[in-house]
Each structure stands twice: as structure tokens, then as C-alpha cells.
Amino acid sequence: MMGNYVKLYEYAKYMKIERGDIILISSDSKKMAFDALTNKEPVNLNNFIDGIIDVIGPEGTLLFPTYNWDFCGGETFDYKNTTCKTGTLGTIALKRSDFKRTKHPIYSFAVYGNYQDELCNMENTDSFGIDSPFNFFKKKNAKNYIIDVSLQHSFTFAHFVEEQSGVVKHRYVKDFHGDYVDERGNVSRKTYSMFVRNLDLDVKTTINPIEDDFIKAGCLERFTINSSSITLVMLGSAYDVLLNDIINNNSRKICEFKGQN
């Protein structure tokens, strides 16, 4: 833990962020908020977002997951009004005028900065396809900051690698159909897909055991700010590590299979 309290706006200065970076933040912000509260700082997480934006500048790109799986259950996706189910920071970002949401009804992102138009104009129907934001993260070697949550419960990028490997048997592409309200309020019936687990095979996603391989490959770092634990993963480099485990180790470091030794 750092010796002195770091204010929300100042976090970015201690996160190894550089001007022009492409950053994806996955988080549970409760500890950040509690630290602010106990140090008599107003709990305004916009200050945390603003601090990052000021470091990366307009040539950088900042994303927050704004996932919502209700479309998989047949509920309407409303581009402007469907809520974020993946954290407070994503919810806050969706309310800001400098962020815009990507289009996929299941795996969407709130995006600020240089690549906002490119990302928000993507028409991918496959959650983890080569035309999706996840492939963009790979190509650009985006920095994924994971704050106060384990990789097991936040590292969606691994499913993109699983699908792209072409060899994973415990997942399959499944189509979901539902009504879609676009940015202009137009309603249409659409189909989107996701690489889902085959529940009959009793496979559990773990992810965490591969962290040591990430460290050896130089694509994972850990550090703390106040009482928050932060993991930084370089996604382009992590792709190769994950793919190696999937192809050469039968995914044993990212999954648990029933009866596996």
C-alpha cells in the first residue's frame, strides 16, 4: 500500500498510464469509494475518469465494459436506456457526454477518445468475432486494468481467445434473437451470438492459474493504490499466452474440467 492517500483524480499518475494509451478498465469501485470517504474526499468517481483522460489525452482511448445479458433472455436492448451490469464506472461513463456506447446488445463498451468512432461504428453480431472490439484490443495491445476483482470474474478477453482458437469444444456459438432499439429510437428484430459454455460438460472457467504465465511473459503487473489491488494485463501479449494454453495444454490453466487431474 502506498504511504499517503491518493485522491481519485491522482490515481492515473500511479497506474503506469501513458499519453495515447488504449485502456480498458474492469473494476469493483467499492474500495476506491470507501478510501475516498474515510479520507474525507467527496466520492465522485468522475474524478477518477477525468484523471485518466487528462493523462492519455485526446489521442488516447478509454473504455469501460457496459455489458448486459438480458438480451439473451429475450428482453429488448435499448441503446440509450439499457443499463450496465458490470460496475459503477461503466454506468457513470454512459451518462457522460464525452463517452459513446458500442452497439452490441450483450458486450457493449462506453468509449472515450481517439478510436471512439471506429469502435462505436462496429456492426459485429458475434460477441467475440474478428470484427469485434475484442480483436481491436488484441491488435492494439490495449492495457486492461483490473481493479479489486479477480481475473476469473472479469477477464472476458479470454473467451475471445477461446473462440478464435477454433479448437475449444466446451463452448459453442449460440444465437440470440430480440428487439433492438437503436441510437435514433428505431426498433428492429435482430440476432446476435455469443460463445457460450456447454452446460452438459461441467466445465468451470478459472483464468486465475494462468496469471503466473502472464507474469513470465511480461504481460501482467500488479500494484496497489490506497487499499485497491490493481492488475494490469497487456491484451495483445496475453492473447499469445492464452492461445498457447488452449492449444498445447487443453485449456487447463483457464478452465477446470470434471474429472481433470
# chains A, B, ... in the order shown; residues from 1 in each chain; ligands from 1
$ select_by_dssp --residues "segment 2-181 of chain A" --states "strand (DSSP E or B)" --output "PyMOL selection string"
chain A and resi 22-27+61-65+77-78+100-101+109-113+126+143-147+171-181
$ residues_around --residues "Leu235 of chain A" --least-positions-apart "3" --cutoff "7 Å" --atoms "only C-alpha atoms" --output "list in words"
Phe137, Lys138, Asn141, Ala142, Lys143, Asn144, Ala238 and Tyr239 of chain A
$ closest_residue --among "A:Asn226, A:Phe128, A:Thr66, A:Thr88" --to "Lys100 of chain A" --atoms "only C-alpha atoms"
A:Thr66
$ residues_around --residues "Ile254 of chain A" --least-positions-apart "4" --cutoff "8 Å" --atoms "only C-alpha atoms" --output "PDB file with C-alpha atoms, in the first residue's frame"
ATOM      1  CA  THR A 205     -13.854 -21.061 -16.099  1.00  0.00           C
ATOM      2  CA  THR A 206     -10.998 -20.294 -13.694  1.00  0.00           C
ATOM      3  CA  ILE A 207      -8.494 -17.990 -15.519  1.00  0.00           C
ATOM      4  CA  ASN A 208      -6.515 -17.186 -12.351  1.00  0.00           C
ATOM      5  CA  PRO A 209      -3.972 -20.074 -12.692  1.00  0.00           C
ATOM      6  CA  ILE A 210      -2.613 -18.558 -15.904  1.00  0.00           C
ATOM      7  CA  ASP A 245      -2.610 -22.878 -23.104  1.00  0.00           C
TER       8      ASP A 245
END
$ residues_around --residues "Arg96 of chain A" --least-positions-apart "3" --cutoff "10 Å" --atoms "only C-alpha atoms" --output "number ranges by chain"
A: 46, 91-93, 99-100, 110, 112
$ closest_residue --among "A:Val203, A:Ile225, A:Ile146, A:Ile230" --to "Arg252 of chain A" --atoms "only C-alpha atoms"
A:Val203
$ atom_distance --atom1 "atom CA of Asp202 of chain A" --atom2 "atom CA of Ala158 of chain A"
18.2 Å
$ closest_residue --among "A:Asp240, A:Asp50, A:Leu8, A:Tyr14" --to "Phe34 of chain A" --atoms "only C-alpha atoms"
A:Leu8
